[in-house]
Each structure stands twice: as C-alpha cells, then as structure tokens.
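Dumped entry_2.pdb below, it's PDB, C-alpha atoms:
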ATOM      1  CA  MET Y   1     196.785 132.330 122.377
ATOM      2  CA  SER Y   2     195.648 128.858 121.477
ATOM      3  CA  THR Y   3     197.700 125.811 122.439
ATOM      4  CA  PRO Y   4     198.410 122.807 120.232
ATOM      5  CA  THR Y   5     196.410 119.665 120.844
ATOM      6  CA  ILE Y   6     197.580 116.128 120.197
ATOM      7  CA  GLU Y   7     194.781 113.636 119.576
ATOM      8  CA  THR Y   8     195.171 109.901 119.901
ATOM      9  CA  PRO Y   9     192.605 107.079 119.949
ATOM     10  CA  GLY Y  10     191.014 105.907 123.161
ATOM     11  CA  GLU Y  11     189.390 107.533 126.131
ATOM     12  CA  HIS Y  12     192.466 108.231 128.260
ATOM     13  CA  PRO Y  13     195.351 109.335 125.970
ATOM     14  CA  ARG Y  14     198.961 108.890 126.855
ATOM     15  CA  GLN Y  15     199.644 112.567 126.063
ATOM     16  CA  PRO Y  16     197.733 115.245 127.992
ATOM     17  CA  VAL Y  17     195.166 116.910 125.769
ATOM     18  CA  PRO Y  18     193.903 120.301 127.044
ATOM     19  CA  GLU Y  19     190.820 120.250 124.823
ATOM     20  CA  ALA Y  20     189.683 116.797 126.010
ATOM     21  CA  ALA Y  21     190.653 117.325 129.617
ATOM     22  CA  ASP Y  22     187.179 116.392 130.811
ATOM     23  CA  SER Y  23     187.491 112.898 129.366
ATOM     24  CA  ALA Y  24     191.064 112.111 130.363
ATOM     25  CA  PRO Y  25     191.929 111.026 133.875
ATOM     26  CA  ALA Y  26     193.034 113.695 136.280
ATOM     27  CA  ALA Y  27     196.474 112.165 136.544
ATOM     28  CA  SER Y  28     197.079 112.694 132.805
ATOM     29  CA  ARG Y  29     196.846 116.480 133.026
ATOM     30  CA  GLY Y  30     200.079 118.413 133.165
ATOM     31  CA  PRO Y  31     202.900 119.518 130.877
ATOM     32  CA  LEU Y  32     202.932 118.251 127.339
ATOM     33  CA  ASP Y  33     205.280 115.313 127.698
ATOM     34  CA  PRO Y  34     205.235 112.621 125.011
ATOM     35  CA  GLY Y  35     206.573 110.061 127.505
ATOM     36  CA  HIS Y  36     203.968 110.791 130.143
ATOM     37  CA  THR Y  37     201.517 107.985 130.961
ATOM     38  CA  ALA Y  38     198.244 108.500 132.794
ATOM     39  CA  VAL Y  39     198.123 106.799 136.193
ATOM     40  CA  ILE Y  40     194.708 105.468 137.137
ATOM     41  CA  THR Y  41     194.395 104.638 140.845
ATOM     42  CA  ASP Y  42     190.610 104.454 141.382
ATOM     43  CA  VAL Y  43     187.295 105.337 139.759
ATOM     44  CA  TRP Y  44     187.591 109.016 140.713
ATOM     45  CA  SER Y  45     190.649 109.326 138.475
ATOM     46  CA  TRP Y  46     188.120 109.572 135.633
ATOM     47  CA  THR Y  47     187.019 113.201 135.877
ATOM     48  CA  ALA Y  48     184.468 113.416 133.061
ATOM     49  CA  ARG Y  49     180.955 114.220 134.259
ATOM     50  CA  LYS Y  50     179.470 111.009 132.854
ATOM     51  CA  TYR Y  51     181.995 108.898 134.751
ATOM     52  CA  ARG Y  52     181.364 110.756 137.997
ATOM     53  CA  ILE Y  53     177.612 110.211 137.600
ATOM     54  CA  ARG Y  54     178.077 106.512 136.844
ATOM     55  CA  ALA Y  55     180.397 106.042 139.809
ATOM     56  CA  SER Y  56     178.011 107.806 142.184
ATOM     57  CA  VAL Y  57     174.961 105.859 140.983
ATOM     58  CA  LEU Y  58     176.748 102.509 141.204
ATOM     59  CA  LEU Y  59     178.071 103.359 144.660
ATOM     60  CA  ILE Y  60     174.563 104.206 145.893
ATOM     61  CA  ILE Y  61     173.168 100.958 144.469
ATOM     62  CA  ASN Y  62     175.949  98.962 146.117
ATOM     63  CA  PHE Y  63     175.293 100.687 149.417
ATOM     64  CA  LEU Y  64     171.564  99.917 149.319
ATOM     65  CA  LEU Y  65     172.260  96.259 148.551
ATOM     66  CA  PHE Y  66     174.820  96.141 151.332
ATOM     67  CA  CYS Y  67     172.301  97.599 153.779
ATOM     68  CA  GLY Y  68     169.949  94.780 152.827
ATOM     69  CA  LEU Y  69     172.727  92.294 153.571
ATOM     70  CA  CYS Y  70     173.284  93.861 157.008
ATOM     71  CA  VAL Y  71     169.557  93.670 157.784
ATOM     72  CA  PHE Y  72     169.553  90.028 156.692
ATOM     73  CA  THR Y  73     172.514  89.338 158.997
ATOM     74  CA  HIS Y  74     170.665  90.837 161.949
ATOM     75  CA  TRP Y  75     167.540  88.849 161.095
ATOM     76  CA  LEU Y  76     169.486  85.578 160.987
ATOM     77  CA  HIS Y  77     170.603  86.007 164.595
ATOM     78  CA  PHE Y  78     167.749  87.912 166.255
ATOM     79  CA  ALA Y  79     164.780  86.890 164.082
ATOM     80  CA  LYS Y  80     163.757  90.504 163.474
ATOM     81  CA  LEU Y  81     164.723  93.002 160.823
ATOM     82  CA  PHE Y  82     165.389  96.178 162.807
ATOM     83  CA  ASP Y  83     166.159  97.073 166.395
ATOM     84  CA  PHE Y  84     167.429 100.595 167.052
ATOM     85  CA  THR Y  85     167.093 100.555 170.829
ATOM     86  CA  LEU Y  86     170.200 101.244 172.900
ATOM     87  CA  PRO Y  87     170.557  97.989 174.969
ATOM     88  CA  PRO Y  88     171.382  95.698 171.999
ATOM     89  CA  TYR Y  89     174.212  98.010 170.932
ATOM     90  CA  LEU Y  90     175.607  98.145 174.462
ATOM     91  CA  GLU Y  91     175.456  94.353 174.746
ATOM     92  CA  ALA Y  92     177.270  93.984 171.444
ATOM     93  CA  LEU Y  93     179.997  96.396 172.591
ATOM     94  CA  ARG Y  94     180.633  94.593 175.879
ATOM     95  CA  PHE Y  95     183.567  92.200 175.621
ATOM     96  CA  TRP Y  96     183.842  91.022 179.231
ATOM     97  CA  GLY Y  97     181.677  89.023 181.577
ATOM     98  CA  PRO Y  98     179.861  85.692 181.263
ATOM     99  CA  GLN Y  99     177.101  87.029 178.997
ATOM    100  CA  THR Y 100     179.466  88.444 176.383
ATOM    101  CA  GLN Y 101     178.194  87.933 172.846
ATOM    102  CA  ASN Y 102     180.304  85.601 170.733
ATOM    103  CA  LEU Y 103     180.358  84.969 167.018
ATOM    104  CA  SER Y 104     179.732  81.312 167.775
ATOM    105  CA  ASP Y 105     176.237  82.343 168.858
ATOM    106  CA  PHE Y 106     175.487  82.908 165.168
ATOM    107  CA  VAL Y 107     176.059  79.241 164.372
ATOM    108  CA  LEU Y 108     174.155  77.950 167.407
ATOM    109  CA  PHE Y 109     171.131  80.235 167.741
ATOM    110  CA  PRO Y 110     168.427  80.453 166.503
ATOM    111  CA  ILE Y 111     169.554  77.874 163.927
ATOM    112  CA  SER Y 112     172.220  75.381 164.911
ATOM    113  CA  VAL Y 113     174.810  74.009 162.524
ATOM    114  CA  ASP Y 114     174.473  70.695 164.368
ATOM    115  CA  GLN Y 115     170.993  70.283 162.953
ATOM    116  CA  MET Y 116     171.573  72.088 159.630
ATOM    117  CA  PRO Y 117     175.245  72.083 158.533
ATOM    118  CA  VAL Y 118     174.502  74.082 155.383
ATOM    119  CA  TYR Y 119     173.636  77.004 157.666
ATOM    120  CA  GLY Y 120     177.365  77.310 158.383
ATOM    121  CA  VAL Y 121     177.985  77.901 154.679
ATOM    122  CA  VAL Y 122     175.396  80.702 154.690
ATOM    123  CA  ILE Y 123     176.955  82.365 157.730
ATOM    124  CA  GLY Y 124     180.446  82.078 156.257
ATOM    125  CA  LEU Y 125     179.449  83.708 152.962
ATOM    126  CA  VAL Y 126     177.497  86.455 154.745
ATOM    127  CA  VAL Y 127     180.450  87.353 156.963
ATOM    128  CA  ALA Y 128     182.773  87.232 153.952
ATOM    129  CA  SER Y 129     180.564  89.745 152.142
ATOM    130  CA  LEU Y 130     180.412  92.010 155.193
ATOM    131  CA  VAL Y 131     184.205  92.028 155.206
ATOM    132  CA  ALA Y 132     185.064  92.138 151.501
ATOM    133  CA  VAL Y 133     182.651  94.842 150.358
ATOM    134  CA  PRO Y 134     183.885  97.729 152.580
ATOM    135  CA  ILE Y 135     187.530  96.859 151.889
ATOM    136  CA  SER Y 136     186.974  96.722 148.125
ATOM    137  CA  VAL Y 137     185.036  99.995 148.225
ATOM    138  CA  ALA Y 138     187.955 101.624 150.054
ATOM    139  CA  ILE Y 139     190.322 100.377 147.349
ATOM    140  CA  VAL Y 140     188.203 101.225 144.315
ATOM    141  CA  TYR Y 141     186.311 104.311 145.583
ATOM    142  CA  ARG Y 142     188.719 105.555 148.328
ATOM    143  CA  ILE Y 143     188.271 105.455 152.092
ATOM    144  CA  PRO Y 144     185.533 108.143 152.520
ATOM    145  CA  ALA Y 145     183.201 106.106 150.306
ATOM    146  CA  ALA Y 146     183.628 103.098 152.612
ATOM    147  CA  VAL Y 147     182.476 104.991 155.722
ATOM    148  CA  PRO Y 148     178.709 104.478 155.056
ATOM    149  CA  PHE Y 149     179.312 100.748 154.573
ATOM    150  CA  ILE Y 150     181.145 100.544 157.901
ATOM    151  CA  LEU Y 151     178.329 102.427 159.642
ATOM    152  CA  ALA Y 152     175.818  99.991 158.139
ATOM    153  CA  VAL Y 153     177.736  97.086 159.693
ATOM    154  CA  ALA Y 154     177.638  98.774 163.104
ATOM    155  CA  ILE Y 155     174.038 100.043 163.012
ATOM    156  CA  LEU Y 156     172.068  97.599 160.884
ATOM    157  CA  ALA Y 157     174.002  94.372 161.474
ATOM    158  CA  HIS Y 158     174.672  95.142 165.165
ATOM    159  CA  LEU Y 159     178.355  94.205 164.808
ATOM    160  CA  PRO Y 160     180.188  97.242 166.233
ATOM    161  CA  TRP Y 161     183.492  95.469 166.821
ATOM    162  CA  LEU Y 162     183.544  94.234 163.238
ATOM    163  CA  ALA Y 163     182.893  97.821 162.122
ATOM    164  CA  ILE Y 164     185.797  99.086 164.236
ATOM    165  CA  THR Y 165     188.007  96.389 162.749
ATOM    166  CA  LEU Y 166     186.931  97.358 159.231
ATOM    167  CA  VAL Y 167     188.104 100.926 159.877
ATOM    168  CA  GLY Y 168     191.628  99.632 160.412
ATOM    169  CA  SER Y 169     191.329  97.273 157.449
ATOM    170  CA  CYS Y 170     190.250 100.050 155.094
ATOM    171  CA  ILE Y 171     193.142 102.229 156.259
ATOM    172  CA  LEU Y 172     195.600  99.408 155.589
ATOM    173  CA  ALA Y 173     194.045  98.758 152.184
ATOM    174  CA  ALA Y 174     193.796 102.294 150.787
ATOM    175  CA  ALA Y 175     195.756 104.787 152.902
ATOM    176  CA  ARG Y 176     198.893 106.066 151.204
ATOM    177  CA  PRO Y 177     201.538 104.835 153.694
ATOM    178  CA  PHE Y 178     200.237 101.265 153.376
ATOM    179  CA  ARG Y 179     198.868 101.211 149.838
ATOM    180  CA  MET Y 180     200.851  99.020 147.460
ATOM    181  CA  PRO Y 181     201.033  99.139 143.651
ATOM    182  CA  PHE Y 182     199.746  95.559 143.618
ATOM    183  CA  ARG Y 183     196.347  96.256 145.114
ATOM    184  CA  TYR Y 184     195.577  92.663 146.013
ATOM    185  CA  SER Y 185     198.565  92.739 148.351
ATOM    186  CA  SER Y 186     196.920  95.695 150.072
ATOM    187  CA  ALA Y 187     193.685  93.713 150.300
ATOM    188  CA  LEU Y 188     195.469  90.767 151.902
ATOM    189  CA  LEU Y 189     197.163  93.145 154.326
ATOM    190  CA  ALA Y 190     193.725  94.499 155.215
ATOM    191  CA  MET Y 191     192.606  90.976 156.105
ATOM    192  CA  LEU Y 192     195.050  90.771 159.016
ATOM    193  CA  PRO Y 193     192.811  92.770 161.417
ATOM    194  CA  ILE Y 194     189.883  90.609 160.307
ATOM    195  CA  LEU Y 195     191.819  87.466 161.247
ATOM    196  CA  LEU Y 196     192.509  88.938 164.671
ATOM    197  CA  TYR Y 197     188.827  89.877 165.051
ATOM    198  CA  LEU Y 198     187.611  86.388 164.155
ATOM    199  CA  TYR Y 199     190.077  84.806 166.529
ATOM    200  CA  MET Y 200     189.113  87.069 169.435
ATOM    201  CA  SER Y 201     185.384  86.792 168.710
ATOM    202  CA  THR Y 202     185.365  82.995 168.633
ATOM    203  CA  ARG Y 203     187.946  82.444 171.380
ATOM    204  CA  GLY Y 204     186.721  80.153 174.130
ATOM    205  CA  ALA Y 205     183.652  78.963 172.242
ATOM    206  CA  THR Y 206     184.568  75.296 172.420
ATOM    207  CA  GLU Y 207     185.418  75.516 176.125
ATOM    208  CA  THR Y 208     181.967  76.807 176.940
ATOM    209  CA  LEU Y 209     180.430  73.825 175.158
ATOM    210  CA  GLY Y 210     182.451  71.343 177.135
ATOM    211  CA  ALA Y 211     185.901  69.803 176.999
ATOM    212  CA  SER Y 212     184.634  66.545 175.469
ATOM    213  CA  ILE Y 213     183.394  68.148 172.259
ATOM    214  CA  SER Y 214     183.999  65.921 169.248
ATOM    215  CA  PRO Y 215     186.348  66.927 166.401
ATOM    216  CA  GLU Y 216     183.420  66.891 163.988
ATOM    217  CA  ARG Y 217     181.560  69.459 166.044
ATOM    218  CA  LYS Y 218     184.689  71.585 166.370
ATOM    219  CA  LEU Y 219     184.853  71.610 162.587
ATOM    220  CA  LEU Y 220     181.215  72.655 162.367
ATOM    221  CA  LEU Y 221     181.874  75.532 164.764
ATOM    222  CA  THR Y 222     185.080  76.776 163.159
ATOM    223  CA  GLY Y 223     184.275  75.904 159.539
ATOM    224  CA  PRO Y 224     182.080  78.980 158.849
ATOM    225  CA  TRP Y 225     184.872  81.365 159.867
ATOM    226  CA  LEU Y 226     187.483  79.553 157.798
ATOM    227  CA  LEU Y 227     185.083  79.710 154.870
ATOM    228  CA  ALA Y 228     184.533  83.425 155.550
ATOM    229  CA  ILE Y 229     188.273  84.115 155.312
ATOM    230  CA  LEU Y 230     188.739  82.156 152.086
ATOM    231  CA  ALA Y 231     185.583  83.576 150.495
ATOM    232  CA  ALA Y 232     186.529  87.150 151.426
ATOM    233  CA  CYS Y 233     189.968  86.754 149.845
ATOM    234  CA  THR Y 234     188.369  85.292 146.718
ATOM    235  CA  MET Y 235     185.821  88.121 146.504
ATOM    236  CA  LEU Y 236     188.553  90.734 146.862
ATOM    237  CA  ALA Y 237     190.587  89.059 144.132
ATOM    238  CA  GLY Y 238     187.620  89.015 141.751
ATOM    239  CA  ILE Y 239     186.645  92.633 142.441
ATOM    240  CA  ILE Y 240     190.178  93.966 142.035
ATOM    241  CA  PHE Y 241     190.720  91.898 138.881
ATOM    242  CA  ILE Y 242     187.588  93.284 137.245
ATOM    243  CA  ALA Y 243     188.465  96.832 138.332
ATOM    244  CA  ARG Y 244     191.929  96.534 136.800
ATOM    245  CA  LEU Y 245     190.512  94.859 133.695
ATOM    246  CA  VAL Y 246     188.362  97.929 132.908
ATOM    247  CA  ASN Y 247     191.043 100.311 134.222
ATOM    248  CA  TYR Y 248     188.743 101.473 137.045
ATOM    249  CA  ARG Y 249     186.295 102.895 134.476
ATOM    250  CA  PRO Y 250     182.802 103.215 136.042
ATOM    251  CA  GLY Y 251     180.098 101.303 134.199
ATOM    252  CA  CYS Y 252     180.393  98.975 131.221
ATOM    253  CA  ARG Y 253     182.222  99.911 128.073
ATOM    254  CA  ARG Y 254     180.065  99.721 124.956
ATOM    255  CA  ALA Y 255     181.273  98.013 121.817
ATOM    256  CA  GLY Y 256     183.165 100.509 119.661
ATOM    257  CA  ASP Y 257     183.415 103.022 122.487
ATOM    258  CA  GLY Y 258     186.413 105.257 121.958
ATOM    259  CA  ARG Y 259     186.843 104.217 118.289
ATOM    260  CA  HIS Y 260     186.050 106.061 115.084
ATOM    261  CA  VAL Y 261     184.660 104.088 112.159
ATOM    262  CA  ARG Y 262     184.965 105.939 108.853
ATOM    263  CA  HIS Y 263     181.951 105.867 106.572
ATOM    264  CA  PRO Y 264     182.863 104.855 103.004
ATOM    265  CA  HIS Y 265     181.224 108.013 101.600
ATOM    266  CA  ASP Y 266     182.814 110.352 104.098
ATOM    267  CA  PRO Y 267     185.758 111.971 102.244
ATOM    268  CA  VAL Y 268     186.809 114.197 105.141
ATOM    269  CA  PRO Y 269     186.882 112.125 108.313
ATOM    270  CA  HIS Y 270     188.472 114.897 110.383
ATOM    271  CA  LEU Y 271     185.305 116.995 109.917
ATOM    272  CA  ARG Y 272     183.167 114.315 111.528
ATOM    273  CA  ARG Y 273     181.679 115.576 114.726
ATOM    274  CA  ARG Y 274     183.449 114.019 117.666
ATOM    275  CA  ARG Y 275     181.447 112.503 120.456
ATOM    276  CA  ARG Y 276     181.796 114.411 123.671
ATOM    277  CA  GLY Y 277     184.496 113.097 125.979
ATOM    278  CA  GLN Y 278     186.188 110.897 123.339
ATOM    279  CA  LEU Y 279     189.013 111.224 120.800
ATOM    280  CA  SER Y 280     187.725 109.906 117.523
ATOM    281  CA  HIS Y 281     190.668 109.606 115.087
ATOM    282  CA  SER Y 282     193.313 106.961 114.786
ATOM    283  CA  ARG Y 283     195.972 109.335 113.473
ATOM    284  CA  ILE Y 284     197.826 112.012 115.412
ATOM    285  CA  ARG Y 285     197.036 115.547 114.338
ATOM    286  CA  VAL Y 286     198.281 118.864 115.745
ATOM    287  CA  ARG Y 287     195.860 121.759 115.465
ATOM    288  CA  PRO Y 288     194.896 124.764 117.616
ATOM    289  CA  ALA Y 289     192.710 123.931 120.580
ATOM    290  CA  LEU Y 290     189.291 125.518 120.969
ATOM    291  CA  ARG Y 291     190.035 126.385 124.576
ATOM    292  CA  THR Y 292     192.844 128.347 126.103
ATOM    293  CA  PHE Y 293     194.354 127.552 129.436
TER     294      PHE Y 293
END

How does the structure come out when it is put into structure tokens?
Amino acid sequence: MSTPTIETPGEHPRQPVPEAADSAPAASRGPLDPGHTAVITDVWSWTARKYRIRASVLLIINFLLFCGLCVFTHWLHFAKLFDFTLPPYLEALRFWGPQTQNLSDFVLFPISVDQMPVYGVVIGLVVASLVAVPISVAIVYRIPAAVPFILAVAILAHLPWLAITLVGSCILAAARPFRMPFRYSSALLAMLPILLYLYMSTRGATETLGASISPERKLLLTGPWLLAILAACTMLAGIIFIARLVNYRPGCRRAGDGRHVRHPHDPVPHLRRRRRGQLSHSRIRVRPALRTF
C-alpha cells in the first residue's frame, strides 16, 4: 500500500517525506508530524549520496593540507621535513630532566624571535591552526574524523603531548555529555586543555634564560602563545559560523539549488521531471509515493 507524500520546497523539508528520504537529513525521518523540524547537528546528518561523497572528499583534502602544515611545523624547528626514527619521539614525550623539550625552543631555535620578531607571528598562527583544525573537525565531522588529524600532530609534527591534549579537547567539543547547543561554547570549552598545555609547555622558560630578562623579551617569548590562543578562538568562530550558515551542508550551494522555476510554456509544472534529491514545487501536494516502506 502506498503512503502519502507531502512535498515542500527546499532540500531538507520540515515534514518527513518517505519518497525523498535520501535527500532529507537523517533526523527528519520518522512519523508524519506536521510540527516536526529536522535537526541538523553535523555534515553526516545529510544522508544523500552526493552529500556523503562531498563530505568525504572535502575531509580528505583538509587532511592532506593539514599533514602539510604538520610537516612544515617540524621543518621550522628541526630544519628537515621528515624524521620517523624512535629517539625524537621519545625525547618529545619526556617531560622531566634538564634536557626536556619546551615550546619556547620553537621561538629560539633555529630562528630566534630576538632577531626576527615576525617569526613569532608565524609560530603563533601555525600553533593556532594545529589546535583549531582538529577541534573544528570534531565538531563538524564528529570525533572519529578528527582522529587522523590528531595522529598527524603526533607523528608528523612531533608534538605528542599536544596530540594527547587534542584528544581531550575533541571530547569536550563534540562528545554528547559536554556538547552544547551553542557549538562555539563547546569550542571554547575545548580550549581549556589547550590553555593548560601551553602553560605547562612554556613554564620555566624565562627562568632558564636568566632572572634579569627584560620585559620586552618576555613579551617576545610569550607573545606567540597568546596570539595562538586568540587566533585559534577566531578560527573556530569563523568555521562554526560558516558551517551554521550553510546548515552543515557539504560543498557550496549553487544558485537556484532547491528551487523550481516554471517555464512560461510549461502548462503542467507538476509533470516536470524533478531533479534527484530535491523537491521542486513551491506548493504542497499530497499524492501516492512511488516507494513503500
């Protein structure tokens, strides 16, 4: 027995439509309730095949670009692109002893912010990107999609403690007990472990350089990390704003997408072939569905 179908304009109708179930978000499926509104939480809420393909392709491109950023971060500090030997990873994991690696080493070697202050801006923006991208991926694509980005931070950038911190940040940002309806609040909550990481990783840097360090040099040493925090918060705000603006729809929306324009010589607009995955009429019509559920 066929079921009635209610068609409305747009790509994600307010009423569940069994026939166009592949184009509506997963959250919109259910009993036929005129007051029901689809809830979009991330890009995977769009279940149509074209949206899944777009989301996967964009995620792969973002991951490749992020890997390039991690390689660039490692090159800035060690002057070589790759190093997969075990000793560098063990040295990066060690957090005790006199030879413990410190984030302040990034601003002093091989390029010093004393000689080139603009280098601190570069380091701050790089660290902000390393922080903001995995957190935003966890929010927009869910936590499993952020795991490769976290592994890239640990393996390619040689920052294992930052990767461990990002695991906690992604959980705070996207896990259900901590996730908030206002997603930017979740992003700011996810920045708390990052603040603790930056404090612990730069703690004692000024003491090792001497007690008589000038205030200007203290600013040069701490400025990149303050910039990293502010830039990461700004990046998260921009990413979440754009995601909400397009309703988490993967890819760009074309002009006229989801609308039906009637041709002046088309006397029967309801016979016009509908594009797959879209509802093409501006009026509501009840007719038997082609599928049965």

(request) With a distance cut-off of 12 Å and all atoms listed in the file, select the neighbouring residues of Arg183 (chain Y), excluding the residue or stretch itself and same-chain residues fewer than 5 positions from it, and output the selection as a PyMOL selection string. (result) chain Y and resi 41-42+135-136+138-140+172-176+178+188-190+236-241+243-244

Those residues you just picked out, can you put them in a file as an mmCIF file, in the coordinates of the input with C-alpha atoms?
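What follows is the written file again_28.cif:
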data_model
loop_
_atom_site.group_PDB
_atom_site.id
_atom_site.type_symbol
_atom_site.label_atom_id
_atom_site.label_comp_id
_atom_site.auth_asym_id
_atom_site.auth_seq_id
_atom_site.Cartn_x
_atom_site.Cartn_y
_atom_site.Cartn_z
ATOM 1 C CA THR Y 41 194.395 104.638 140.845
ATOM 2 C CA ASP Y 42 190.610 104.454 141.382
ATOM 3 C CA ILE Y 135 187.530 96.859 151.889
ATOM 4 C CA SER Y 136 186.974 96.722 148.125
ATOM 5 C CA ALA Y 138 187.955 101.624 150.054
ATOM 6 C CA ILE Y 139 190.322 100.377 147.349
ATOM 7 C CA VAL Y 140 188.203 101.225 144.315
ATOM 8 C CA LEU Y 172 195.600 99.408 155.589
ATOM 9 C CA ALA Y 173 194.045 98.758 152.184
ATOM 10 C CA ALA Y 174 193.796 102.294 150.787
ATOM 11 C CA ALA Y 175 195.756 104.787 152.902
ATOM 12 C CA ARG Y 176 198.893 106.066 151.204
ATOM 13 C CA PHE Y 178 200.237 101.265 153.376
ATOM 14 C CA LEU Y 188 195.469 90.767 151.902
ATOM 15 C CA LEU Y 189 197.163 93.145 154.326
ATOM 16 C CA ALA Y 190 193.725 94.499 155.215
ATOM 17 C CA LEU Y 236 188.553 90.734 146.862
ATOM 18 C CA ALA Y 237 190.587 89.059 144.132
ATOM 19 C CA GLY Y 238 187.620 89.015 141.751
ATOM 20 C CA ILE Y 239 186.645 92.633 142.441
ATOM 21 C CA ILE Y 240 190.178 93.966 142.035
ATOM 22 C CA PHE Y 241 190.720 91.898 138.881
ATOM 23 C CA ALA Y 243 188.465 96.832 138.332
ATOM 24 C CA ARG Y 244 191.929 96.534 136.800
#

(request) Kindly give the distance, in Å, that separates CA of Leu65 (chain Y) and CA of Leu166 (chain Y), rounded to a single decimal. (result) 18.2 Å

(message) Applying the PyMOL selection byres ((chain Y and resi 103) around 8) to the file I just gave you, which residues come out? Please list them as a PyMOL selection string.
(response) chain Y and resi 101-102+104-107+198+201-202

(message) Please enumerate the residues selected by the PyMOL selection byres ((chain Y and resi 143-153) around 10) when evaluated against the supplied file, formatted as a ChimeraX atom specification.
(response) /Y:56,59-60,62-64,66-71,73-74,130-131,133-142,154-167,170-171,173-175

(request) Find the residues near region 227-234 of chain Y: any atom within 6 Å, counting all atoms listed in the file, skip ones fewer than 2 places away on the same chain, and give them as JSON, numbers by chain. (result) {"Y": [124, 125, 127, 128, 132, 224, 225, 236, 237]}

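Here CA of Met200 (chain Y) is placed at a distance of 13.0 Å from CA of Arg94 (chain Y).
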
(message) Quick check, in Å to one decimal: how far apart do CA of Val57 (chain Y) and CA of Pro181 (chain Y) lie?
(response)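 These two atoms are separated by 27.1 Å.
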
Rebuild region 140-147 of chain Y to all heavy atoms - output it as a compact mmCIF listing (two decimals), in the coordinates of the input, please.
# COMPACT_ATOMS: atom_id res chain seq x y z
N VAL Y 140 188.66 100.77 145.62
CA VAL Y 140 188.20 101.22 144.32
C VAL Y 140 187.65 102.65 144.37
O VAL Y 140 187.84 103.44 143.43
CB VAL Y 140 187.14 100.25 143.76
CG1 VAL Y 140 186.61 100.73 142.42
CG2 VAL Y 140 187.73 98.86 143.63
N TYR Y 141 186.96 103.00 145.48
CA TYR Y 141 186.31 104.31 145.58
C TYR Y 141 186.97 105.24 146.60
O TYR Y 141 186.48 106.34 146.81
CB TYR Y 141 184.85 104.13 146.01
CG TYR Y 141 183.94 103.60 144.92
CD1 TYR Y 141 183.73 102.24 144.78
CD2 TYR Y 141 183.28 104.46 144.06
CE1 TYR Y 141 182.90 101.74 143.80
CE2 TYR Y 141 182.44 103.98 143.08
CZ TYR Y 141 182.25 102.62 142.95
OH TYR Y 141 181.42 102.14 141.97
N ARG Y 142 188.02 104.81 147.28
CA ARG Y 142 188.72 105.56 148.33
C ARG Y 142 188.00 105.39 149.68
O ARG Y 142 186.84 105.00 149.75
CB ARG Y 142 188.90 107.03 147.98
CG ARG Y 142 189.71 107.26 146.70
CD ARG Y 142 189.82 108.72 146.36
NE ARG Y 142 190.43 108.91 145.05
CZ ARG Y 142 190.55 110.09 144.45
NH1 ARG Y 142 190.10 111.18 145.05
NH2 ARG Y 142 191.13 110.18 143.26
N ILE Y 143 188.73 105.72 150.73
CA ILE Y 143 188.27 105.46 152.09
C ILE Y 143 186.98 106.19 152.45
O ILE Y 143 186.10 105.60 153.07
CB ILE Y 143 189.39 105.79 153.10
CG1 ILE Y 143 190.57 104.83 152.90
CG2 ILE Y 143 188.90 105.69 154.53
CD1 ILE Y 143 191.74 105.10 153.82
N PRO Y 144 186.79 107.48 152.13
CA PRO Y 144 185.53 108.14 152.52
C PRO Y 144 184.29 107.44 152.00
O PRO Y 144 183.25 107.45 152.67
CB PRO Y 144 185.67 109.54 151.92
CG PRO Y 144 187.14 109.79 151.86
CD PRO Y 144 187.74 108.45 151.52
N ALA Y 145 184.36 106.82 150.84
CA ALA Y 145 183.20 106.11 150.31
C ALA Y 145 182.89 104.85 151.09
O ALA Y 145 181.75 104.36 151.05
CB ALA Y 145 183.43 105.75 148.83
N ALA Y 146 183.86 104.31 151.83
CA ALA Y 146 183.63 103.10 152.61
C ALA Y 146 183.02 103.39 153.98
O ALA Y 146 182.55 102.46 154.64
CB ALA Y 146 184.94 102.33 152.80
N VAL Y 147 183.01 104.66 154.40
CA VAL Y 147 182.48 104.99 155.72
C VAL Y 147 181.00 104.62 155.86
O VAL Y 147 180.61 104.03 156.89
CB VAL Y 147 182.71 106.49 156.02
CG1 VAL Y 147 182.02 106.90 157.31
CG2 VAL Y 147 184.20 106.77 156.11
